[in-house]
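Engineer: My structure is in structure11.tsv, and what it holds is TSV, C-alpha atoms and all ligand atoms:
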chain	number	residue	atom	x	y	z
U	1	MET	CA	83.86	-174.24	35.11
U	2	THR	CA	86.87	-172.23	33.97
U	3	ILE	CA	89.10	-173.27	31.10
U	4	LEU	CA	92.70	-172.12	30.64
U	5	ILE	CA	94.32	-172.08	27.21
U	6	THR	CA	98.10	-171.82	26.97
U	7	GLY	CA	99.67	-170.59	23.72
U	8	ALA	CA	96.51	-168.57	23.18
U	9	THR	CA	98.42	-165.93	21.23
U	10	GLY	CA	99.47	-168.57	18.71
U	11	GLN	CA	97.67	-169.62	15.57
U	12	LEU	CA	96.12	-172.79	17.01
U	13	GLY	CA	95.38	-171.26	20.41
U	14	SER	CA	93.61	-168.22	18.99
U	15	LEU	CA	91.42	-170.49	16.85
U	16	VAL	CA	90.62	-172.63	19.90
U	17	VAL	CA	89.51	-169.50	21.77
U	18	LYS	CA	87.35	-168.45	18.80
U	19	HIS	CA	85.62	-171.86	18.61
U	20	LEU	CA	85.27	-172.03	22.39
U	21	LEU	CA	83.53	-168.65	22.49
U	22	ASP	CA	80.84	-170.22	20.26
U	23	ARG	CA	80.30	-172.84	22.95
U	24	ILE	CA	80.80	-171.34	26.43
U	25	PRO	CA	80.64	-167.84	27.98
U	26	ALA	CA	83.76	-165.66	27.72
U	27	ASN	CA	83.89	-165.45	31.54
U	28	ASP	CA	84.73	-169.15	31.62
U	29	ILE	CA	87.83	-168.74	29.48
U	30	ALA	CA	91.30	-167.72	30.68
U	31	VAL	CA	94.39	-167.55	28.52
U	32	SER	CA	98.12	-168.30	28.68
U	33	VAL	CA	100.68	-169.09	31.35
U	34	ARG	CA	104.41	-169.55	30.92
U	35	GLY	CA	105.71	-170.89	34.23
U	36	PRO	CA	105.05	-172.21	37.72
U	37	GLU	CA	105.31	-168.71	39.18
U	38	LYS	CA	101.91	-168.10	37.64
U	39	ALA	CA	100.32	-170.99	39.50
U	40	ALA	CA	98.90	-168.66	42.13
U	41	ASP	CA	97.12	-166.66	39.44
U	42	LEU	CA	95.62	-169.85	38.17
U	43	SER	CA	94.23	-170.96	41.50
U	44	ALA	CA	92.83	-167.49	42.04
U	45	LYS	CA	90.93	-167.87	38.82
U	46	GLY	CA	89.57	-171.32	39.79
U	47	ILE	CA	90.79	-173.07	36.65
U	48	ASP	CA	89.40	-176.63	36.36
U	49	THR	CA	90.64	-177.59	32.93
U	50	ALA	CA	93.80	-176.50	31.11
U	51	LEU	CA	94.62	-176.89	27.44
U	52	ILE	CA	98.39	-177.18	27.15
U	53	ILE	CA	99.40	-176.33	23.59
U	54	SER	CA	102.81	-177.75	22.81
U	55	ALA	CA	105.62	-175.20	22.63
U	56	GLU	CA	108.40	-174.72	20.06
U	57	ASP	CA	112.02	-175.45	20.98
U	58	ASP	CA	114.58	-178.23	20.93
U	59	ASN	CA	113.61	-181.56	22.48
U	60	ALA	CA	115.33	-181.17	25.85
U	61	LYS	CA	113.96	-177.68	26.45
U	62	ARG	CA	110.49	-178.51	25.24
U	63	ILE	CA	110.26	-181.66	27.39
U	64	ALA	CA	111.22	-179.54	30.41
U	65	GLN	CA	108.76	-176.75	29.47
U	66	HIS	CA	105.88	-179.19	29.04
U	67	ARG	CA	106.65	-180.88	32.35
U	68	THR	CA	106.74	-177.44	33.98
U	69	ALA	CA	103.34	-176.61	32.52
U	70	VAL	CA	101.88	-179.88	33.86
U	71	ASP	CA	103.42	-179.25	37.30
U	72	ALA	CA	102.07	-175.68	37.31
U	73	ALA	CA	98.60	-176.87	36.40
U	74	LYS	CA	98.63	-179.52	39.11
U	75	ALA	CA	100.01	-177.14	41.76
U	76	SER	CA	97.23	-174.69	41.05
U	77	GLY	CA	94.42	-177.21	41.43
U	78	VAL	CA	93.66	-177.93	37.78
U	79	LYS	CA	91.74	-181.21	37.60
U	80	HIS	CA	91.93	-182.00	33.90
U	81	ILE	CA	94.70	-181.43	31.34
U	82	VAL	CA	94.00	-181.42	27.63
U	83	TYR	CA	97.17	-181.66	25.55
U	84	THR	CA	97.89	-181.14	21.85
U	85	SER	CA	100.09	-184.12	21.03
U	86	ILE	CA	101.13	-185.66	17.70
U	87	ILE	CA	99.76	-188.62	15.86
U	88	ASP	CA	101.46	-191.88	16.97
U	89	PRO	CA	104.02	-190.39	19.41
U	90	LYS	CA	107.16	-192.52	19.62
U	91	ALA	CA	110.55	-192.24	21.33
U	92	ASP	CA	112.47	-193.27	18.21
U	93	ALA	CA	110.38	-191.70	15.41
U	94	ASP	CA	112.24	-190.12	12.49
U	95	PHE	CA	110.11	-187.03	13.17
U	96	THR	CA	112.25	-186.11	16.16
U	97	TYR	CA	109.63	-183.93	17.90
U	98	SER	CA	107.52	-187.07	18.32
U	99	ALA	CA	109.63	-188.06	21.34
U	100	ILE	CA	108.67	-184.82	23.10
U	101	HIS	CA	105.00	-185.64	22.78
U	102	LEU	CA	105.50	-189.18	24.08
U	103	ASP	CA	107.30	-187.82	27.15
U	104	THR	CA	104.60	-185.20	27.78
U	105	GLU	CA	101.79	-187.71	27.34
U	106	ASN	CA	103.45	-190.08	29.82
U	107	TYR	CA	104.12	-187.24	32.29
U	108	ILE	CA	100.48	-186.16	32.11
U	109	ARG	CA	99.23	-189.73	32.62
U	110	GLU	CA	101.58	-190.10	35.61
U	111	SER	CA	100.39	-186.79	37.11
U	112	GLY	CA	97.22	-188.50	38.31
U	113	LEU	CA	95.09	-185.72	36.80
U	114	ALA	CA	92.30	-186.42	34.37
U	115	TYR	CA	93.53	-185.99	30.82
U	116	THR	CA	92.52	-185.82	27.19
U	117	LEU	CA	95.19	-186.34	24.57
U	118	LEU	CA	94.58	-184.74	21.18
U	119	ARG	CA	96.96	-186.50	18.81
U	120	ASN	CA	97.01	-183.97	16.00
U	121	SER	CA	98.20	-184.91	12.54
U	122	PHE	CA	100.11	-182.36	10.47
U	123	TYR	CA	98.55	-179.00	9.63
U	124	ALA	CA	97.35	-178.68	6.03
U	125	ASP	CA	98.25	-175.01	6.51
U	126	LEU	CA	101.96	-175.96	6.39
U	127	LEU	CA	101.55	-176.84	2.71
U	128	LEU	CA	100.80	-173.24	1.78
U	129	ALA	CA	104.41	-172.23	2.52
U	130	GLY	CA	105.52	-173.88	-0.73
U	131	VAL	CA	102.84	-172.26	-2.88
U	132	PRO	CA	104.54	-168.93	-3.85
U	133	HIS	CA	107.60	-170.81	-5.13
U	134	ALA	CA	105.39	-173.35	-6.91
U	135	LEU	CA	103.49	-170.61	-8.71
U	136	GLU	CA	106.71	-168.86	-9.68
U	137	THR	CA	108.59	-171.91	-10.96
U	138	GLY	CA	105.93	-174.59	-11.53
U	139	ASP	CA	107.72	-176.83	-9.01
U	140	PHE	CA	106.21	-177.90	-5.69
U	141	GLY	CA	109.23	-179.46	-3.99
U	142	ALA	CA	109.60	-181.67	-0.92
U	143	PRO	CA	111.54	-184.86	-0.11
U	144	ALA	CA	108.20	-186.68	0.14
U	145	GLY	CA	108.40	-189.39	-2.56
U	146	ASP	CA	105.02	-191.08	-2.71
U	147	ALA	CA	104.41	-190.73	1.05
U	148	LYS	CA	100.81	-190.31	2.10
U	149	ILE	CA	100.26	-187.86	4.97
U	150	THR	CA	96.94	-187.29	6.72
U	151	TYR	CA	97.16	-183.47	6.76
U	152	ILE	CA	94.24	-181.72	8.48
U	153	PRO	CA	93.46	-177.98	8.67
U	154	ARG	CA	94.61	-176.24	11.86
U	155	ASN	CA	91.17	-174.71	12.17
U	156	ASP	CA	89.60	-178.18	12.38
U	157	LEU	CA	92.06	-179.22	15.07
U	158	ALA	CA	91.12	-176.07	16.99
U	159	GLU	CA	87.44	-176.93	16.73
U	160	ALA	CA	88.13	-180.46	18.00
U	161	ALA	CA	89.98	-178.99	20.99
U	162	ALA	CA	87.14	-176.53	21.66
U	163	THR	CA	84.64	-179.39	21.53
U	164	VAL	CA	86.57	-181.21	24.26
U	165	LEU	CA	87.06	-178.06	26.36
U	166	ALA	CA	83.38	-177.14	26.24
U	167	ASN	CA	82.46	-180.50	27.85
U	168	PRO	CA	85.64	-181.86	29.42
U	169	ALA	CA	83.84	-184.39	31.63
U	170	ASP	CA	82.77	-186.29	28.49
U	171	HIS	CA	86.39	-186.80	27.47
U	172	ILE	CA	88.15	-187.89	30.65
U	173	ASN	CA	91.20	-190.11	30.02
U	174	LYS	CA	90.46	-190.34	26.31
U	175	THR	CA	92.96	-190.18	23.45
U	176	TYR	CA	91.86	-188.98	20.01
U	177	ASP	CA	93.73	-189.47	16.73
U	178	LEU	CA	92.86	-186.36	14.74
U	179	THR	CA	93.68	-186.93	11.08
U	180	GLY	CA	92.47	-185.71	7.74
U	181	THR	CA	89.98	-187.66	5.66
U	182	LYS	CA	92.74	-189.41	3.72
U	183	GLY	CA	96.48	-189.61	3.36
U	184	VAL	CA	97.46	-187.35	0.47
U	185	THR	CA	100.62	-187.55	-1.64
U	186	HIS	CA	102.58	-184.49	-2.70
U	187	ASP	CA	101.67	-185.34	-6.31
U	188	GLU	CA	98.02	-184.88	-5.32
U	189	ILE	CA	98.79	-181.69	-3.40
U	190	ALA	CA	100.57	-180.23	-6.45
U	191	SER	CA	97.48	-181.02	-8.54
U	192	TYR	CA	95.24	-179.31	-5.96
U	193	ILE	CA	97.43	-176.17	-6.22
U	194	ALA	CA	97.34	-176.32	-10.02
U	195	ASN	CA	93.54	-176.75	-10.06
U	196	ALA	CA	93.01	-173.95	-7.53
U	197	THR	CA	95.18	-171.44	-9.35
U	198	GLY	CA	94.91	-172.54	-12.99
U	199	LYS	CA	98.73	-172.55	-13.14
U	200	PRO	CA	100.88	-175.54	-14.15
U	201	VAL	CA	102.33	-176.97	-10.92
U	202	LYS	CA	104.03	-180.35	-10.55
U	203	PHE	CA	105.54	-182.14	-7.59
U	204	VAL	CA	109.34	-182.36	-7.51
U	205	ASP	CA	110.79	-185.02	-5.19
U	206	LEU	CA	113.72	-183.18	-3.61
U	207	PRO	CA	116.83	-185.03	-2.43
U	208	ALA	CA	116.95	-184.81	1.38
U	209	GLU	CA	120.13	-182.70	1.39
U	210	VAL	CA	118.64	-180.16	-1.04
U	211	HIS	CA	115.61	-179.84	1.26
U	212	THR	CA	117.69	-179.33	4.41
U	213	GLY	CA	119.91	-176.87	2.49
U	214	ILE	CA	116.85	-174.78	1.60
U	215	LEU	CA	115.65	-174.83	5.22
U	216	SER	CA	119.11	-173.81	6.49
U	217	GLY	CA	119.12	-170.95	3.96
U	218	LEU	CA	115.86	-169.76	5.48
U	219	GLY	CA	117.60	-169.56	8.85
U	220	LEU	CA	115.48	-172.19	10.61
U	221	PRO	CA	116.93	-173.62	13.84
U	222	GLY	CA	118.72	-176.97	13.55
U	223	HIS	CA	116.19	-178.85	15.70
U	224	LEU	CA	113.35	-177.74	13.40
U	225	ILE	CA	115.26	-178.70	10.24
U	226	GLU	CA	115.99	-182.11	11.76
U	227	ALA	CA	112.32	-182.59	12.68
U	228	LEU	CA	111.02	-181.51	9.25
U	229	ALA	CA	113.52	-183.73	7.44
U	230	GLY	CA	112.58	-186.62	9.71
U	231	LEU	CA	108.88	-186.06	9.11
U	232	TYR	CA	109.35	-186.98	5.44
U	233	VAL	CA	111.63	-189.95	6.25
U	234	GLY	CA	108.96	-191.30	8.60
U	235	ALA	CA	106.12	-190.47	6.23
U	236	LYS	CA	107.82	-192.44	3.45
U	237	LYS	CA	107.80	-195.46	5.81
U	238	GLY	CA	104.05	-194.98	6.30
U	239	ASP	CA	104.17	-193.33	9.74
U	240	TYR	CA	101.51	-190.70	8.98
U	241	GLU	CA	99.15	-192.37	6.51
U	242	THR	CA	96.65	-194.00	8.86
U	243	VAL	CA	93.24	-192.35	8.80
U	244	SER	CA	91.13	-192.18	11.96
U	245	SER	CA	87.45	-191.33	12.32
U	246	ASP	CA	87.97	-189.78	15.77
U	247	PHE	CA	87.57	-186.22	14.44
U	248	GLU	CA	84.13	-187.01	13.06
U	249	THR	CA	83.14	-188.80	16.28
U	250	LEU	CA	84.21	-185.78	18.30
U	251	VAL	CA	83.00	-182.86	16.17
U	252	GLY	CA	80.09	-184.50	14.35
U	253	ARG	CA	81.33	-183.84	10.82
U	254	LYS	CA	84.26	-184.84	8.67
U	255	PRO	CA	87.28	-182.51	8.61
U	256	GLN	CA	87.75	-180.26	5.59
U	257	SER	CA	89.68	-182.19	2.91
U	258	VAL	CA	93.12	-180.96	1.90
U	259	GLU	CA	91.79	-180.43	-1.62
U	260	ASP	CA	89.02	-178.14	-0.37
U	261	PHE	CA	91.37	-176.41	2.08
U	262	VAL	CA	93.87	-175.61	-0.70
U	263	ALA	CA	91.11	-174.52	-3.09
U	264	LYS	CA	89.63	-172.10	-0.52
U	265	ALA	CA	93.02	-170.80	0.67
U	266	LEU	CA	94.16	-170.01	-2.88
U	267	LYS	CA	90.85	-168.72	-4.19
G	1	LIG	N1	100.70	-180.57	13.92
G	1	LIG	C1	101.43	-179.74	13.20
G	1	LIG	O1	101.49	-179.79	11.96
G	1	LIG	C2	102.19	-178.65	13.88
G	1	LIG	C3	102.87	-177.72	13.10
G	1	LIG	C4	103.57	-176.70	13.73
G	1	LIG	C5	103.58	-176.64	15.11
G	1	LIG	N2	102.90	-177.57	15.84
G	1	LIG	C6	102.88	-177.52	17.33
G	1	LIG	O2	101.62	-177.01	17.70
G	1	LIG	C7	101.81	-175.82	18.51
G	1	LIG	C8	100.74	-174.82	18.17
G	1	LIG	O3	100.79	-174.53	16.79
G	1	LIG	P1	100.59	-173.06	16.28
G	1	LIG	O4	100.47	-173.15	14.82
G	1	LIG	O5	99.55	-172.39	17.09
G	1	LIG	O6	102.02	-172.42	16.66
G	1	LIG	P2	102.32	-170.88	16.96
G	1	LIG	O7	101.42	-170.01	16.15
G	1	LIG	O8	103.80	-170.73	16.80
G	1	LIG	O9	101.90	-170.69	18.49
G	1	LIG	C9	102.65	-171.29	19.53
G	1	LIG	C10	102.14	-170.73	20.84
G	1	LIG	O10	102.84	-171.41	21.89
G	1	LIG	C11	103.34	-170.42	22.80
G	1	LIG	N3	104.59	-170.89	23.37
G	1	LIG	C12	105.73	-171.23	22.73
G	1	LIG	N4	106.66	-171.60	23.61
G	1	LIG	C13	106.10	-171.47	24.84
G	1	LIG	C14	106.55	-171.72	26.17
G	1	LIG	N5	107.80	-172.14	26.40
G	1	LIG	N6	105.70	-171.49	27.20
G	1	LIG	C15	104.43	-171.05	26.97
G	1	LIG	N7	103.95	-170.82	25.73
G	1	LIG	C16	104.79	-171.03	24.69
G	1	LIG	C17	103.55	-169.18	21.98
G	1	LIG	O11	103.49	-168.06	22.86
G	1	LIG	P3	104.21	-166.71	22.52
G	1	LIG	O12	103.42	-166.09	21.39
G	1	LIG	O13	104.12	-165.96	23.79
G	1	LIG	O14	105.60	-167.06	22.12
G	1	LIG	C18	102.38	-169.23	21.02
G	1	LIG	O15	101.24	-168.67	21.61
G	1	LIG	C19	103.25	-175.36	18.19
G	1	LIG	O16	103.79	-174.63	19.26
G	1	LIG	C20	103.96	-176.67	17.94
G	1	LIG	O17	104.35	-177.28	19.15
G	1	LIG	C21	102.20	-178.55	15.26
Step by step, read the file and then write its structure as structure tokens.
Structural biologist:
Amino acid sequence: MTILITGATGQLGSLVVKHLLDRIPANDIAVSVRGPEKAADLSAKGIDTALIISAEDDNAKRIAQHRTAVDAAKASGVKHIVYTSIIDPKADADFTYSAIHLDTENYIRESGLAYTLLRNSFYADLLLAGVPHALETGDFGAPAGDAKITYIPRNDLAEAAATVLANPADHINKTYDLTGTKGVTHDEIASYIANATGKPVKFVDLPAEVHTGILSGLGLPGHLIEALAGLYVGAKKGDYETVSSDFETLVGRKPQSVEDFVAKALK
């Protein structure tokens, strides 16, 4: 059995490799591929199962890249694709990247290969970006209102992926909703930051245009700003508040809570 991991240089991919090395021999792990021209390399290595980690680009490019990765895997004799999707992928979600994941999921299903879809919720790690400003000003800002979001640590999502990759046959044509233990509000997150640091931090509900203005000032690409703004619009409608027990079923323990994650990260 040989497992390929794309995006292995990234934050999620490198954690998947780390967790996979706890489970299978290093000789069974191969990393990264960026296009169909590499398909020959893949067949030479006898890859059975490929983890396709979603890329980062605008919707049209990313849909094409993901389809290319699926085609490359199929052309090289891969039998089973594992894909890092998003929770509740929809064509018309306010979180615009959701449509990419729906397309990729459908393309994988239509490929005729065995598949496992890991529908990841949002990384708890993303919350740390707002911490320096919160500690400086006391304000933890986001256009989140009282939305509840089932954030989950990236490391836990990596362990879930490694669990599947270590025994792919047990997960053929399965879809897992990988969420945190509860949907947390930004009020709660601000209190976690305050408790962890001993500093006064409160949540500030930013107007949407202030939020997008800040992101533009940081130089983020338009498609990312649109997706991040949409994430909060969708979350306020309840799109990302549903908790699933699939992580615990898969990994055999509950994921680390956001409260514990923040406490340990800011210790
Ligand atoms: N659920 C969430 O909250 C959340 C948050 C952020 C991102 N994501 C998604 O999850 C993915 C993994 O997250 P991460 O934190 O590991 O991101 P990351 O650290 O930015 O890593 C992304 C990885 O994908 C590779 N990659 C990007 N475009 C590619 C392409 N066109 N072809 C092949 N490889 C490509 C990168 O390779 P290079 O290093 O060679 O560029 C890198 O190894 C992201 O790419 C994004 O799609 C999810």
Engineer: Atom CA of U:Ala158 and atom C13 of ligand LIG 1 (chain G), how far apart in Å?
Structural biologist: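 Taking atom C13 of ligand LIG 1 (chain G) and atom CA of U:Ala158, their separation equals 17.5 Å.
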Engineer: Give me the residues within 12 Å of U:Val204 as JSON, numbers by chain, counting all atoms listed in the file and dropping any in the same chain fewer than 4 places off.
Structural biologist: {"U": [130, 133, 134, 137, 138, 139, 140, 141, 142, 143, 144, 145, 146, 185, 186, 187, 188, 189, 190, 191, 208, 210, 211]}
Engineer: What gap, in Å, lies between atom CA of U:Glu241 and atom CA of U:Glu105?
Structural biologist: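 About the pair atom CA of U:Glu241 and atom CA of U:Glu105: they are 21.5 Å apart.
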Engineer: So, with only C-alpha atoms and all ligand atoms as the atoms that count, which of U:Arg109, U:Lys79, U:Arg154, U:Lys18 lies closest to ligand LIG 1 (chain G)?
Structural biologist: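 Of U:Arg109, U:Lys79, U:Arg154, U:Lys18, the one nearest ligand LIG 1 (chain G), counting only C-alpha atoms and all ligand atoms, is U:Arg154.
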Engineer: Do you have the atom C13 of ligand LIG 1 (chain G)-atom CA of U:Tyr83 distance handy?
Structural biologist: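 Separation between atom C13 of ligand LIG 1 (chain G) and atom CA of U:Tyr83: 13.6 Å.
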Engineer: Measuring atom to atom with only C-alpha atoms, identify which of U:Ala30, U:Ile108, U:Leu15, U:Leu228 is nearest to U:Ala72.
Structural biologist: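 Counting only C-alpha atoms, the residue closest to U:Ala72 is U:Ile108.
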Engineer: Would you write out, as JSON lines, a table of all residues in chain U that have an atom no more than 9 Å from an atom of ligand LIG 1 (chain G), listing for each the closest atom pair and the distance in Å to one decimal, considering all atoms listed in the file and ordering rows by chain and rising residue number?
Structural biologist:
{"residue": "U:Thr6", "atom": "CA", "partner": "G:LIG1", "partner_atom": "N7", "distance": 6.1}
{"residue": "U:Gly7", "atom": "CA", "partner": "G:LIG1", "partner_atom": "O15", "distance": 3.3}
{"residue": "U:Ala8", "atom": "CA", "partner": "G:LIG1", "partner_atom": "O15", "distance": 5.0}
{"residue": "U:Thr9", "atom": "CA", "partner": "G:LIG1", "partner_atom": "O15", "distance": 4.0}
{"residue": "U:Gly10", "atom": "CA", "partner": "G:LIG1", "partner_atom": "O9", "distance": 3.2}
{"residue": "U:Gln11", "atom": "CA", "partner": "G:LIG1", "partner_atom": "O5", "distance": 3.7}
{"residue": "U:Leu12", "atom": "CA", "partner": "G:LIG1", "partner_atom": "O5", "distance": 3.5}
{"residue": "U:Gly13", "atom": "CA", "partner": "G:LIG1", "partner_atom": "O5", "distance": 5.4}
{"residue": "U:Ser14", "atom": "CA", "partner": "G:LIG1", "partner_atom": "O5", "distance": 7.5}
{"residue": "U:Leu15", "atom": "CA", "partner": "G:LIG1", "partner_atom": "O5", "distance": 8.4}
{"residue": "U:Ser32", "atom": "CA", "partner": "G:LIG1", "partner_atom": "N7", "distance": 7.0}
{"residue": "U:Val33", "atom": "CA", "partner": "G:LIG1", "partner_atom": "C15", "distance": 6.1}
{"residue": "U:Arg34", "atom": "CA", "partner": "G:LIG1", "partner_atom": "C15", "distance": 4.2}
{"residue": "U:Gly35", "atom": "CA", "partner": "G:LIG1", "partner_atom": "N6", "distance": 7.1}
{"residue": "U:Ile52", "atom": "CA", "partner": "G:LIG1", "partner_atom": "N7", "distance": 8.6}
{"residue": "U:Ile53", "atom": "CA", "partner": "G:LIG1", "partner_atom": "C7", "distance": 5.6}
{"residue": "U:Ser54", "atom": "CA", "partner": "G:LIG1", "partner_atom": "O17", "distance": 4.0}
{"residue": "U:Ala55", "atom": "CA", "partner": "G:LIG1", "partner_atom": "N4", "distance": 3.9}
{"residue": "U:Glu56", "atom": "CA", "partner": "G:LIG1", "partner_atom": "O16", "distance": 4.7}
{"residue": "U:Asp57", "atom": "CA", "partner": "G:LIG1", "partner_atom": "N4", "distance": 7.1}
{"residue": "U:Lys61", "atom": "CA", "partner": "G:LIG1", "partner_atom": "N5", "distance": 8.3}
{"residue": "U:Arg62", "atom": "CA", "partner": "G:LIG1", "partner_atom": "N5", "distance": 7.0}
{"residue": "U:Gln65", "atom": "CA", "partner": "G:LIG1", "partner_atom": "N5", "distance": 5.6}
{"residue": "U:His66", "atom": "CA", "partner": "G:LIG1", "partner_atom": "N5", "distance": 7.8}
{"residue": "U:Ala69", "atom": "CA", "partner": "G:LIG1", "partner_atom": "N6", "distance": 7.8}
{"residue": "U:Thr84", "atom": "CA", "partner": "G:LIG1", "partner_atom": "O2", "distance": 6.9}
{"residue": "U:Ser85", "atom": "CA", "partner": "G:LIG1", "partner_atom": "N1", "distance": 8.0}
{"residue": "U:Ile86", "atom": "CA", "partner": "G:LIG1", "partner_atom": "N1", "distance": 6.4}
{"residue": "U:Ile87", "atom": "CA", "partner": "G:LIG1", "partner_atom": "N1", "distance": 8.3}
{"residue": "U:Tyr97", "atom": "CA", "partner": "G:LIG1", "partner_atom": "O17", "distance": 8.6}
{"residue": "U:Arg119", "atom": "CA", "partner": "G:LIG1", "partner_atom": "N1", "distance": 8.5}
{"residue": "U:Asn120", "atom": "CA", "partner": "G:LIG1", "partner_atom": "N1", "distance": 5.4}
{"residue": "U:Ser121", "atom": "CA", "partner": "G:LIG1", "partner_atom": "N1", "distance": 5.2}
{"residue": "U:Phe122", "atom": "CA", "partner": "G:LIG1", "partner_atom": "O1", "distance": 3.3}
{"residue": "U:Tyr123", "atom": "CA", "partner": "G:LIG1", "partner_atom": "O1", "distance": 3.8}
{"residue": "U:Ala124", "atom": "CA", "partner": "G:LIG1", "partner_atom": "O1", "distance": 7.3}
{"residue": "U:Asp125", "atom": "CA", "partner": "G:LIG1", "partner_atom": "O1", "distance": 7.9}
{"residue": "U:Leu126", "atom": "CA", "partner": "G:LIG1", "partner_atom": "O1", "distance": 6.8}
{"residue": "U:Tyr151", "atom": "CA", "partner": "G:LIG1", "partner_atom": "O1", "distance": 7.7}
{"residue": "U:Ile152", "atom": "CA", "partner": "G:LIG1", "partner_atom": "O1", "distance": 8.3}
{"residue": "U:Pro153", "atom": "CA", "partner": "G:LIG1", "partner_atom": "O1", "distance": 8.9}
{"residue": "U:Arg154", "atom": "CA", "partner": "G:LIG1", "partner_atom": "O4", "distance": 7.3}
{"residue": "U:Leu157", "atom": "CA", "partner": "G:LIG1", "partner_atom": "N1", "distance": 8.8}
Engineer: Using all atoms listed in the file, find the one residue out of U:Gly180, U:Gly234, U:Gly198, U:Gly77 that sits nearest to U:Asp246.
Structural biologist: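 Of all the options, U:Gly180 lies closest to U:Asp246.
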Engineer: Measuring atom to atom with all atoms listed in the file, identify which of U:Arg253, U:His101, U:Lys90, U:His80 is nearest to U:His171.
Structural biologist: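 Nearest to U:His171: U:His80.
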Engineer: Between U:Arg23, U:Pro89, U:Met1, U:Leu266, which residue has the minimum interatomic distance to U:Thr197, considering all atoms listed in the file?
Structural biologist: U:Leu266
Engineer: Quick one: of U:Asp92, U:Glu259, U:Asp71, U:Glu159, who's nearest to U:Val184, counting all atoms listed in the file?
Structural biologist: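 So, comparing all the options, the nearest one is U:Glu259.
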Engineer: Need the shell around stretch 250-252 of chain U: protein/DNA/RNA residues with any atom at most 9 Å away, counting only C-alpha atoms. Skip same-chain ones fewer than 4 positions apart. Format as a ChimeraX atom specification?
Structural biologist: /U:156,159-160,163-164,176,245-246
Engineer: Each side padded by 5 Å, which centre and which edge lengths in Å (one decimal) define the axis-aligned box around the listed atoms of stretch 119-130 of chain U? Give them as JSON.
Structural biologist:
{"center_x": 101.2, "center_y": -179.4, "center_z": 9.0, "size_x": 18.6, "size_y": 24.3, "size_z": 29.5}
Engineer: Saving stretch 175-211 of chain U with C-alpha atoms, as a PDB file, in the first residue's frame, what would that file be?
Structural biologist:
ATOM      1  CA  THR U 175     -18.336  11.022   3.906  1.00  0.00           C
ATOM      2  CA  TYR U 176     -17.373  12.427   7.298  1.00  0.00           C
ATOM      3  CA  ASP U 177     -18.501  15.740   8.799  1.00  0.00           C
ATOM      4  CA  LEU U 178     -15.528  16.821  10.896  1.00  0.00           C
ATOM      5  CA  THR U 179     -16.615  19.528  13.322  1.00  0.00           C
ATOM      6  CA  GLY U 180     -15.603  20.787  16.715  1.00  0.00           C
ATOM      7  CA  THR U 181     -17.363  19.699  19.884  1.00  0.00           C
ATOM      8  CA  LYS U 182     -19.725  22.683  19.777  1.00  0.00           C
ATOM      9  CA  GLY U 183     -20.535  25.786  17.816  1.00  0.00           C
ATOM     10  CA  VAL U 184     -18.784  28.697  19.521  1.00  0.00           C
ATOM     11  CA  THR U 185     -19.700  32.379  19.300  1.00  0.00           C
ATOM     12  CA  HIS U 186     -17.104  35.119  18.956  1.00  0.00           C
ATOM     13  CA  ASP U 187     -18.200  36.385  22.388  1.00  0.00           C
ATOM     14  CA  GLU U 188     -17.084  33.025  23.796  1.00  0.00           C
ATOM     15  CA  ILE U 189     -13.851  33.092  21.785  1.00  0.00           C
ATOM     16  CA  ALA U 190     -13.028  36.571  23.142  1.00  0.00           C
ATOM     17  CA  SER U 191     -13.561  35.239  26.673  1.00  0.00           C
ATOM     18  CA  TYR U 192     -11.248  32.278  25.952  1.00  0.00           C
ATOM     19  CA  ILE U 193      -8.530  34.743  24.820  1.00  0.00           C
ATOM     20  CA  ALA U 194      -9.090  36.892  27.920  1.00  0.00           C
ATOM     21  CA  ASN U 195      -8.929  33.858  30.236  1.00  0.00           C
ATOM     22  CA  ALA U 196      -5.822  32.475  28.527  1.00  0.00           C
ATOM     23  CA  THR U 197      -3.886  35.735  28.658  1.00  0.00           C
ATOM     24  CA  GLY U 198      -5.328  37.463  31.735  1.00  0.00           C
ATOM     25  CA  LYS U 199      -5.947  40.546  29.551  1.00  0.00           C
ATOM     26  CA  PRO U 200      -9.324  42.260  29.080  1.00  0.00           C
ATOM     27  CA  VAL U 201     -10.588  41.213  25.635  1.00  0.00           C
ATOM     28  CA  LYS U 202     -14.128  41.691  24.328  1.00  0.00           C
ATOM     29  CA  PHE U 203     -15.791  40.780  21.057  1.00  0.00           C
ATOM     30  CA  VAL U 204     -16.584  43.664  18.709  1.00  0.00           C
ATOM     31  CA  ASP U 205     -19.163  42.922  16.002  1.00  0.00           C
ATOM     32  CA  LEU U 206     -17.630  44.633  12.960  1.00  0.00           C
ATOM     33  CA  PRO U 207     -19.800  46.022  10.153  1.00  0.00           C
ATOM     34  CA  ALA U 208     -19.181  43.902   7.043  1.00  0.00           C
ATOM     35  CA  GLU U 209     -17.598  46.780   5.111  1.00  0.00           C
ATOM     36  CA  VAL U 210     -15.145  47.534   7.932  1.00  0.00           C
ATOM     37  CA  HIS U 211     -14.105  43.862   7.924  1.00  0.00           C
TER      38      HIS U 211
END
